[in-house]
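The file my_file-v4.pdb comes next; it holds PDB, C-alpha atoms.
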```pdb
ATOM      1  CA  MET A   1      68.488 105.497  63.622
ATOM      2  CA  ASN A   2      65.238 104.567  61.893
ATOM      3  CA  ALA A   3      65.878 103.243  58.372
ATOM      4  CA  PHE A   4      63.210 105.567  57.007
ATOM      5  CA  GLU A   5      64.554 108.827  58.479
ATOM      6  CA  PRO A   6      66.878 111.211  56.629
ATOM      7  CA  LEU A   7      70.577 110.534  56.975
ATOM      8  CA  GLU A   8      71.098 113.963  58.554
ATOM      9  CA  PRO A   9      68.861 116.924  59.454
ATOM     10  CA  HIS A  10      68.678 119.795  56.961
ATOM     11  CA  SER A  11      69.061 123.136  58.728
ATOM     12  CA  SER A  12      68.169 126.562  57.390
ATOM     13  CA  ALA A  13      70.784 127.877  54.954
ATOM     14  CA  GLY A  14      70.320 131.513  56.033
ATOM     15  CA  ALA A  15      71.195 131.068  59.727
ATOM     16  CA  SER A  16      74.051 133.365  60.799
ATOM     17  CA  THR A  17      73.981 133.684  64.594
ATOM     18  CA  SER A  18      74.730 130.991  67.110
ATOM     19  CA  GLU A  19      71.235 131.308  68.530
ATOM     20  CA  THR A  20      69.693 130.691  65.107
ATOM     21  CA  SER A  21      72.051 127.777  64.493
ATOM     22  CA  SER A  22      71.109 126.239  67.819
ATOM     23  CA  SER A  23      67.435 126.658  67.047
ATOM     24  CA  SER A  24      67.866 125.170  63.558
ATOM     25  CA  SER A  25      69.678 122.094  64.851
ATOM     26  CA  ALA A  26      67.074 121.580  67.560
ATOM     27  CA  THR A  27      64.142 121.893  65.165
ATOM     28  CA  PRO A  28      64.711 120.401  61.662
ATOM     29  CA  GLN A  29      63.409 122.645  58.909
ATOM     30  CA  PRO A  30      60.892 121.349  56.382
ATOM     31  CA  ILE A  31      62.567 119.498  53.502
ATOM     32  CA  MET A  32      61.746 121.210  50.241
ATOM     33  CA  THR A  33      63.972 119.148  47.925
ATOM     34  CA  PRO A  34      61.827 117.136  45.464
ATOM     35  CA  THR A  35      61.845 113.432  46.193
ATOM     36  CA  ARG A  36      60.629 110.381  44.277
ATOM     37  CA  SER A  37      59.122 107.077  45.284
ATOM     38  CA  LEU A  38      60.235 103.781  43.727
ATOM     39  CA  ASP A  39      57.210 103.833  41.416
ATOM     40  CA  GLU A  40      57.844 107.428  40.335
ATOM     41  CA  PHE A  41      61.475 106.663  39.584
ATOM     42  CA  LEU A  42      60.683 103.516  37.569
ATOM     43  CA  GLU A  43      58.026 105.452  35.661
ATOM     44  CA  SER A  44      60.414 108.258  34.723
ATOM     45  CA  ALA A  45      63.151 105.786  33.755
ATOM     46  CA  TYR A  46      60.782 103.773  31.557
ATOM     47  CA  ALA A  47      59.334 106.923  29.953
ATOM     48  CA  SER A  48      62.830 108.095  28.972
ATOM     49  CA  ARG A  49      63.759 104.868  27.136
ATOM     50  CA  PRO A  50      64.460 105.030  23.389
ATOM     51  CA  ARG A  51      61.543 103.997  21.227
ATOM     52  CA  PHE A  52      63.681 101.309  19.606
ATOM     53  CA  GLY A  53      66.895  99.622  20.642
ATOM     54  CA  ILE A  54      68.501  97.116  22.981
ATOM     55  CA  SER A  55      67.292  98.899  26.131
ATOM     56  CA  LYS A  56      63.656  98.258  25.235
ATOM     57  CA  LEU A  57      64.526  94.635  24.442
ATOM     58  CA  TYR A  58      66.086  94.156  27.894
ATOM     59  CA  TYR A  59      62.876  95.128  29.679
ATOM     60  CA  ALA A  60      60.908  92.845  27.353
ATOM     61  CA  ILE A  61      63.197  89.915  28.218
ATOM     62  CA  ILE A  62      62.433  90.381  31.928
ATOM     63  CA  PHE A  63      58.723  89.914  31.358
ATOM     64  CA  PHE A  64      59.283  87.211  28.746
ATOM     65  CA  ALA A  65      61.188  85.242  31.396
ATOM     66  CA  LEU A  66      58.352  85.709  33.906
ATOM     67  CA  GLY A  67      55.770  84.707  31.293
ATOM     68  CA  LEU A  68      57.797  81.624  30.377
ATOM     69  CA  ALA A  69      57.958  80.663  34.057
ATOM     70  CA  ASN A  70      54.174  80.925  34.160
ATOM     71  CA  SER A  71      53.918  78.751  31.028
ATOM     72  CA  GLY A  72      56.136  76.120  32.624
ATOM     73  CA  ASP A  73      53.742  75.947  35.560
ATOM     74  CA  SER A  74      50.709  75.299  33.373
ATOM     75  CA  ALA A  75      52.654  72.764  31.280
ATOM     76  CA  GLU A  76      53.366  70.759  34.432
ATOM     77  CA  MET A  77      49.712  70.972  35.416
ATOM     78  CA  GLY A  78      48.435  69.875  32.008
ATOM     79  CA  CYS A  79      50.767  66.976  31.304
ATOM     80  CA  THR A  80      49.048  64.515  33.669
ATOM     81  CA  ASN A  81      45.948  64.240  31.481
ATOM     82  CA  TYR A  82      47.998  63.158  28.486
ATOM     83  CA  ILE A  83      50.246  60.615  30.179
ATOM     84  CA  LEU A  84      47.266  58.934  31.884
ATOM     85  CA  SER A  85      45.753  58.307  28.450
ATOM     86  CA  SER A  86      49.024  56.947  27.014
ATOM     87  CA  LYS A  87      49.070  53.194  26.285
ATOM     88  CA  THR A  88      52.747  52.878  27.201
ATOM     89  CA  PHE A  89      52.190  54.747  30.479
ATOM     90  CA  GLN A  90      49.303  52.477  31.381
ATOM     91  CA  ASP A  91      51.464  49.410  30.721
ATOM     92  CA  ASP A  92      54.499  50.775  32.624
ATOM     93  CA  ILE A  93      52.856  52.435  35.630
ATOM     94  CA  LEU A  94      49.125  51.754  35.931
ATOM     95  CA  LYS A  95      48.987  48.060  35.086
ATOM     96  CA  ASN A  96      47.848  45.950  38.041
ATOM     97  CA  GLY A  97      47.773  42.384  36.825
ATOM     98  CA  ASP A  98      45.656  42.380  33.710
ATOM     99  CA  ASP A  99      43.774  45.559  34.632
ATOM    100  CA  VAL A 100      44.679  49.244  34.335
ATOM    101  CA  ASP A 101      44.255  50.764  37.806
ATOM    102  CA  PHE A 102      42.901  54.260  37.178
ATOM    103  CA  ALA A 103      40.879  54.368  40.391
ATOM    104  CA  ASN A 104      43.840  54.041  42.764
ATOM    105  CA  ARG A 105      47.147  54.542  40.967
ATOM    106  CA  GLY A 106      45.878  57.025  38.414
ATOM    107  CA  ALA A 107      43.995  59.074  41.011
ATOM    108  CA  ALA A 108      46.977  59.057  43.393
ATOM    109  CA  ILE A 109      49.325  60.383  40.689
ATOM    110  CA  ALA A 110      46.909  63.125  39.641
ATOM    111  CA  GLY A 111      45.914  64.068  43.175
ATOM    112  CA  ALA A 112      49.484  64.200  44.531
ATOM    113  CA  HIS A 113      50.310  67.080  42.207
ATOM    114  CA  PHE A 114      47.358  69.189  43.373
ATOM    115  CA  LEU A 115      48.007  68.341  47.019
ATOM    116  CA  GLY A 116      51.516  69.740  46.620
ATOM    117  CA  MET A 117      50.101  72.890  45.021
ATOM    118  CA  LEU A 118      47.648  73.331  47.912
ATOM    119  CA  ILE A 119      50.370  73.099  50.547
ATOM    120  CA  SER A 120      52.704  75.353  48.594
ATOM    121  CA  GLY A 121      49.945  77.909  48.086
ATOM    122  CA  LEU A 122      49.656  78.291  51.848
ATOM    123  CA  ILE A 123      53.374  78.859  52.508
ATOM    124  CA  SER A 124      55.015  80.170  49.333
ATOM    125  CA  GLY A 125      53.705  83.723  49.771
ATOM    126  CA  VAL A 126      55.181  83.833  53.269
ATOM    127  CA  LEU A 127      58.516  82.541  51.964
ATOM    128  CA  ALA A 128      58.496  85.188  49.224
ATOM    129  CA  ASP A 129      58.043  87.893  51.868
ATOM    130  CA  ILE A 130      60.879  86.512  54.002
ATOM    131  CA  TYR A 131      63.490  85.392  51.469
ATOM    132  CA  GLY A 132      62.551  87.442  48.417
ATOM    133  CA  ARG A 133      60.365  87.090  45.349
ATOM    134  CA  ARG A 134      63.235  86.242  42.993
ATOM    135  CA  SER A 135      64.765  83.684  45.347
ATOM    136  CA  THR A 136      61.417  81.943  45.830
ATOM    137  CA  LEU A 137      60.816  81.952  42.075
ATOM    138  CA  LEU A 138      64.243  80.491  41.292
ATOM    139  CA  VAL A 139      63.903  77.757  43.908
ATOM    140  CA  GLY A 140      60.511  76.866  42.466
ATOM    141  CA  LEU A 141      61.786  76.789  38.876
ATOM    142  CA  CYS A 142      64.856  74.706  39.712
ATOM    143  CA  ALA A 143      62.830  72.259  41.810
ATOM    144  CA  ASN A 144      60.188  72.064  39.084
ATOM    145  CA  SER A 145      62.862  71.236  36.497
ATOM    146  CA  ILE A 146      64.571  68.595  38.644
ATOM    147  CA  PHE A 147      61.415  66.802  39.763
ATOM    148  CA  GLY A 148      59.890  67.077  36.284
ATOM    149  CA  LEU A 149      62.891  65.376  34.689
ATOM    150  CA  ALA A 150      63.124  62.803  37.482
ATOM    151  CA  ALA A 151      59.471  61.898  36.954
ATOM    152  CA  ALA A 152      60.354  60.660  33.473
ATOM    153  CA  ALA A 153      62.523  57.951  35.077
ATOM    154  CA  SER A 154      59.858  56.731  37.525
ATOM    155  CA  ARG A 155      59.633  52.933  37.815
ATOM    156  CA  ASN A 156      56.251  52.679  39.504
ATOM    157  CA  ALA A 157      53.184  54.648  40.593
ATOM    158  CA  VAL A 158      54.506  55.345  44.097
ATOM    159  CA  GLU A 159      57.696  56.990  42.811
ATOM    160  CA  LEU A 160      55.783  59.035  40.274
ATOM    161  CA  ALA A 161      53.179  60.174  42.827
ATOM    162  CA  ILE A 162      55.925  61.346  45.210
ATOM    163  CA  LEU A 163      57.732  63.245  42.448
ATOM    164  CA  ARG A 164      54.488  64.829  41.243
ATOM    165  CA  PHE A 165      53.761  65.927  44.813
ATOM    166  CA  PHE A 166      57.072  67.804  45.017
ATOM    167  CA  THR A 167      56.499  69.212  41.541
ATOM    168  CA  GLY A 168      53.210  70.635  42.821
ATOM    169  CA  ILE A 169      55.030  72.318  45.705
ATOM    170  CA  ALA A 170      57.453  73.874  43.223
ATOM    171  CA  VAL A 171      54.581  75.107  41.039
ATOM    172  CA  GLY A 172      53.132  77.066  43.978
ATOM    173  CA  ALA A 173      56.495  78.718  44.660
ATOM    174  CA  VAL A 174      56.748  79.814  41.031
ATOM    175  CA  ILE A 175      53.301  81.413  41.127
ATOM    176  CA  ALA A 176      54.181  83.419  44.247
ATOM    177  CA  GLY A 177      57.312  84.808  42.614
ATOM    178  CA  VAL A 178      55.887  85.486  39.151
ATOM    179  CA  VAL A 179      52.833  87.439  40.309
ATOM    180  CA  THR A 180      54.648  89.740  42.743
ATOM    181  CA  LEU A 181      57.667  90.402  40.503
ATOM    182  CA  SER A 182      55.412  91.246  37.554
ATOM    183  CA  ALA A 183      53.644  93.883  39.641
ATOM    184  CA  GLU A 184      56.628  95.326  41.503
ATOM    185  CA  ILE A 185      59.114  95.673  38.631
ATOM    186  CA  ALA A 186      56.660  97.108  36.113
ATOM    187  CA  PRO A 187      56.300 100.907  35.804
ATOM    188  CA  PRO A 188      52.914 102.046  37.172
ATOM    189  CA  SER A 189      51.510 103.222  33.831
ATOM    190  CA  ARG A 190      52.266  99.826  32.222
ATOM    191  CA  ARG A 191      51.616  97.568  35.213
ATOM    192  CA  GLY A 192      48.218  96.344  34.077
ATOM    193  CA  ARG A 193      49.293  95.373  30.575
ATOM    194  CA  PHE A 194      52.567  93.767  31.710
ATOM    195  CA  MET A 195      50.794  91.670  34.340
ATOM    196  CA  THR A 196      48.136  90.685  31.817
ATOM    197  CA  LEU A 197      50.785  89.575  29.310
ATOM    198  CA  VAL A 198      52.546  87.461  31.933
ATOM    199  CA  ALA A 199      49.223  85.960  33.074
ATOM    200  CA  SER A 200      48.174  85.142  29.491
ATOM    201  CA  CYS A 201      51.308  83.031  29.093
ATOM    202  CA  TYR A 202      49.643  80.530  31.421
ATOM    203  CA  THR A 203      47.504  79.454  28.454
ATOM    204  CA  LEU A 204      50.588  78.991  26.281
ATOM    205  CA  GLY A 205      51.819  76.251  28.603
ATOM    206  CA  PHE A 206      48.679  74.210  27.969
ATOM    207  CA  LEU A 207      49.003  74.788  24.217
ATOM    208  CA  TYR A 208      52.668  73.717  24.333
ATOM    209  CA  THR A 209      51.752  70.502  26.151
ATOM    210  CA  ALA A 210      48.852  69.770  23.805
ATOM    211  CA  ALA A 211      51.006  70.287  20.701
ATOM    212  CA  TRP A 212      53.671  67.847  21.897
ATOM    213  CA  ALA A 213      50.997  65.345  22.938
ATOM    214  CA  VAL A 214      49.676  65.329  19.362
ATOM    215  CA  VAL A 215      53.178  64.684  18.027
ATOM    216  CA  ILE A 216      54.339  62.074  20.558
ATOM    217  CA  PHE A 217      51.105  60.182  21.234
ATOM    218  CA  ARG A 218      49.969  59.980  17.635
ATOM    219  CA  GLY A 219      50.425  56.196  17.781
ATOM    220  CA  ASP A 220      49.974  53.702  20.620
ATOM    221  CA  GLU A 221      53.717  53.440  21.156
ATOM    222  CA  GLY A 222      54.407  57.095  21.966
ATOM    223  CA  SER A 223      56.917  57.508  24.820
ATOM    224  CA  TRP A 224      55.421  59.155  27.884
ATOM    225  CA  ARG A 225      58.955  59.486  29.321
ATOM    226  CA  LEU A 226      60.068  61.574  26.344
ATOM    227  CA  PHE A 227      56.902  63.643  26.753
ATOM    228  CA  MET A 228      57.757  64.381  30.403
ATOM    229  CA  VAL A 229      61.301  65.465  29.475
ATOM    230  CA  ILE A 230      60.106  67.808  26.730
ATOM    231  CA  ASN A 231      57.439  69.139  29.081
ATOM    232  CA  ALA A 232      60.175  70.366  31.463
ATOM    233  CA  PHE A 233      61.962  72.480  28.802
ATOM    234  CA  PRO A 234      59.984  75.741  29.370
ATOM    235  CA  THR A 235      60.746  75.633  33.092
ATOM    236  CA  ILE A 236      64.452  74.939  32.503
ATOM    237  CA  LEU A 237      64.731  77.844  30.057
ATOM    238  CA  ALA A 238      62.767  80.122  32.398
ATOM    239  CA  ALA A 239      65.120  79.284  35.284
ATOM    240  CA  PHE A 240      68.095  80.340  33.158
ATOM    241  CA  LEU A 241      66.495  83.593  31.968
ATOM    242  CA  VAL A 242      65.286  84.576  35.444
ATOM    243  CA  SER A 243      68.731  83.959  36.958
ATOM    244  CA  VAL A 244      70.389  86.156  34.317
ATOM    245  CA  PHE A 245      67.898  88.949  33.607
ATOM    246  CA  VAL A 246      65.305  89.288  36.379
ATOM    247  CA  PRO A 247      66.329  91.309  39.468
ATOM    248  CA  GLU A 248      64.913  91.080  42.954
ATOM    249  CA  SER A 249      61.925  93.283  43.650
ATOM    250  CA  PRO A 250      62.945  96.720  44.982
ATOM    251  CA  ARG A 251      59.752  96.725  47.019
ATOM    252  CA  PHE A 252      60.877  93.581  48.805
ATOM    253  CA  TYR A 253      64.076  95.352  49.860
ATOM    254  CA  LEU A 254      62.092  98.442  50.824
ATOM    255  CA  GLY A 255      59.737  96.424  52.982
ATOM    256  CA  ARG A 256      62.720  94.896  54.789
ATOM    257  CA  GLY A 257      64.313  98.311  55.398
ATOM    258  CA  ARG A 258      67.189  97.562  52.972
ATOM    259  CA  LEU A 259      67.070 100.906  51.199
ATOM    260  CA  GLU A 260      70.509 100.713  49.604
ATOM    261  CA  GLU A 261      69.655  97.462  47.834
ATOM    262  CA  ALA A 262      66.268  98.824  46.742
ATOM    263  CA  VAL A 263      67.985 101.856  45.218
ATOM    264  CA  ASN A 264      70.616  99.666  43.513
ATOM    265  CA  VAL A 265      67.959  97.524  41.835
ATOM    266  CA  CYS A 266      66.069 100.591  40.576
ATOM    267  CA  ASN A 267      69.237 102.191  39.235
ATOM    268  CA  THR A 268      70.274  98.956  37.535
ATOM    269  CA  LEU A 269      66.924  98.815  35.757
ATOM    270  CA  ALA A 270      67.282 102.495  34.839
ATOM    271  CA  SER A 271      70.775 101.923  33.427
ATOM    272  CA  ARG A 272      69.415  99.195  31.123
ATOM    273  CA  LEU A 273      66.904 101.759  29.869
ATOM    274  CA  ASN A 274      69.672 104.321  29.160
ATOM    275  CA  TYR A 275      68.345 106.644  31.846
ATOM    276  CA  ASP A 276      70.396 109.771  32.604
ATOM    277  CA  ARG A 277      72.888 108.877  35.350
ATOM    278  CA  SER A 278      72.591 112.330  36.882
ATOM    279  CA  SER A 279      68.921 111.545  37.625
ATOM    280  CA  TYR A 280      69.543 108.248  39.361
ATOM    281  CA  LEU A 281      67.776 107.568  42.635
ATOM    282  CA  SER A 282      69.869 107.946  45.784
ATOM    283  CA  GLU A 283      69.406 106.298  49.134
ATOM    284  CA  ASP A 284      69.102 109.677  50.824
ATOM    285  CA  GLU A 285      66.412 110.809  48.391
ATOM    286  CA  LEU A 286      64.400 107.657  49.033
ATOM    287  CA  ARG A 287      64.926 108.039  52.765
ATOM    288  CA  ARG A 288      63.661 111.643  52.650
ATOM    289  CA  TYR A 289      60.638 110.601  50.573
ATOM    290  CA  LEU A 290      59.689 107.943  53.119
ATOM    291  CA  PHE A 291      60.233 110.363  55.998
ATOM    292  CA  ARG A 292      58.080 113.013  54.323
ATOM    293  CA  THR A 293      55.347 110.459  53.589
ATOM    294  CA  LYS A 294      55.380 109.312  57.201
ATOM    295  CA  GLU A 295      55.110 112.918  58.414
ATOM    296  CA  ILE A 296      52.202 113.634  56.065
ATOM    297  CA  GLY A 297      50.443 110.516  57.333
ATOM    298  CA  ARG A 298      51.069 111.528  60.943
ATOM    299  CA  MET A 299      49.740 115.051  60.390
ATOM    300  CA  SER A 300      46.670 113.706  58.572
ATOM    301  CA  THR A 301      45.954 111.383  61.482
ATOM    302  CA  LEU A 302      46.374 114.197  64.004
ATOM    303  CA  GLY A 303      44.115 116.435  61.942
ATOM    304  CA  ALA A 304      41.431 113.762  61.721
ATOM    305  CA  CYS A 305      41.627 113.175  65.476
ATOM    306  CA  GLY A 306      41.357 116.934  66.105
ATOM    307  CA  ARG A 307      38.296 117.270  63.915
ATOM    308  CA  ALA A 308      36.682 114.282  65.613
ATOM    309  CA  HIS A 309      37.396 115.788  69.034
ATOM    310  CA  CYS A 310      35.872 119.137  68.019
ATOM    311  CA  HIS A 311      32.800 117.398  66.635
ATOM    312  CA  PHE A 312      32.404 115.335  69.807
ATOM    313  CA  SER A 313      32.790 118.451  71.993
ATOM    314  CA  ALA A 314      30.178 120.316  69.960
ATOM    315  CA  VAL A 315      27.717 117.454  70.278
ATOM    316  CA  THR A 316      28.199 117.112  74.035
TER     317      THR A 316
END
```
Rendering of file as structure tokens:
Amino acid sequence: MNAFEPLEPHSSAGASTSETSSSSSATPQPIMTPTRSLDEFLESAYASRPRFGISKLYYAIIFFALGLANSGDSAEMGCTNYILSSKTFQDDILKNGDDVDFANRGAAIAGAHFLGMLISGLISGVLADIYGRRSTLLVGLCANSIFGLAAAASRNAVELAILRFFTGIAVGAVIAGVVTLSAEIAPPSRRGRFMTLVASCYTLGFLYTAAWAVVIFRGDEGSWRLFMVINAFPTILAAFLVSVFVPESPRFYLGRGRLEEAVNVCNTLASRLNYDRSSYLSEDELRRYLFRTKEIGRMSTLGACGRAHCHFSAVT
């Protein structure tokens, strides 16, 4: 059975004779029961939330976690400028004899990060479509945290360039997860503002990095290793919050034909918003909505083809 077809045909309730019953079973009757899409359900659940209370806070934490993940990305991107200008970093990593090698070692460290981002940008969206937005985001956050902390222990430019390359790959995975989850979990009427808030957190990462650079590199002896460790904190915290509070996208499950899981995610979000349990979304309701939408699309296509045929016949 097609995943998007109703679980069972709905026959006419008024049939009394065997002939009518046979006809009803052979030709399914139009489904008149109201159905809701994922967006319509999330909208109604969000609209029913209390104006104040823990339920509103829960939804805010979801987008705070996504915004923090975005901030961690920009913090990793911005930290290279500050460590390259650090006297202790130049002595530990860039020193080549009596000279500071910006042209080769410095450029390799900075470029490795962006090379990783370029490669990740080409594949992370595909991975998010195959394995899930949340899974891709969590892998990116965890990898970003691990490689960011490991970079603080680098002994030479080669080690640091390799670690920054893998950090760049992790940054691309985070972007793929953050953008799609922000759009697909938000209720339609609030989607623009929620996505804008998450996107604006990208600037906060640069401000976070700049503030710590002022504190740590105030003198010539500021520790670039301590700076790299502190720089990883937003990503570590975001990984924890995403793992606890952020669900997988119901649209990802829908696109994979996993309707039961899509419904479960929507109902879990609704329960956090104190939505009436009697109005929860069911798998059958979603299945009937998709079936009805497919039938409307099919009839529209047939109608357009019929009109085109009539027009062509009239012309010829």
Please measure the separation of CA of Glu40 (chain A) and CA of Arg292 (chain A), giving the value in Å to one decimal.
->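 One can read the CA of Glu40 (chain A) to CA of Arg292 (chain A) distance as 15.1 Å.
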With a distance cut-off of 12 Å and only C-alpha atoms, select the neighbouring residues of Asn81 (chain A), excluding the residue or stretch itself and same-chain residues fewer than 4 positions from it, and output the selection as a PyMOL selection string.
-> chain A and resi 75-77+85-86+89+102+106-107+109-111+113+206+209-210+213+224+227-228
Would you write out, as number ranges by chain, every residue that the PyMOL selection byres ((chain A and resi 155-157) around 7) captures in this file?
-> A: 93-94, 105, 109, 153-154, 158-161
Residue nearest Leu290 (chain A) among A:Gly255, A:Gly72, A:Gly172, A:Gly78 (counting only C-alpha atoms) | A:Gly255
Can you list, as number ranges by chain, the residues that the PyMOL selection byres ((chain A and resi 56) around 12) selects here?
-> A: 45-55, 57-63, 269-275
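Minimum atom-to-atom distances from A:Ser279, A:Asn70, A:Ser124, A:Thr203 to Ser182 (chain A) were compared using only C-alpha atoms, and the lowest value belongs to A:Asn70.
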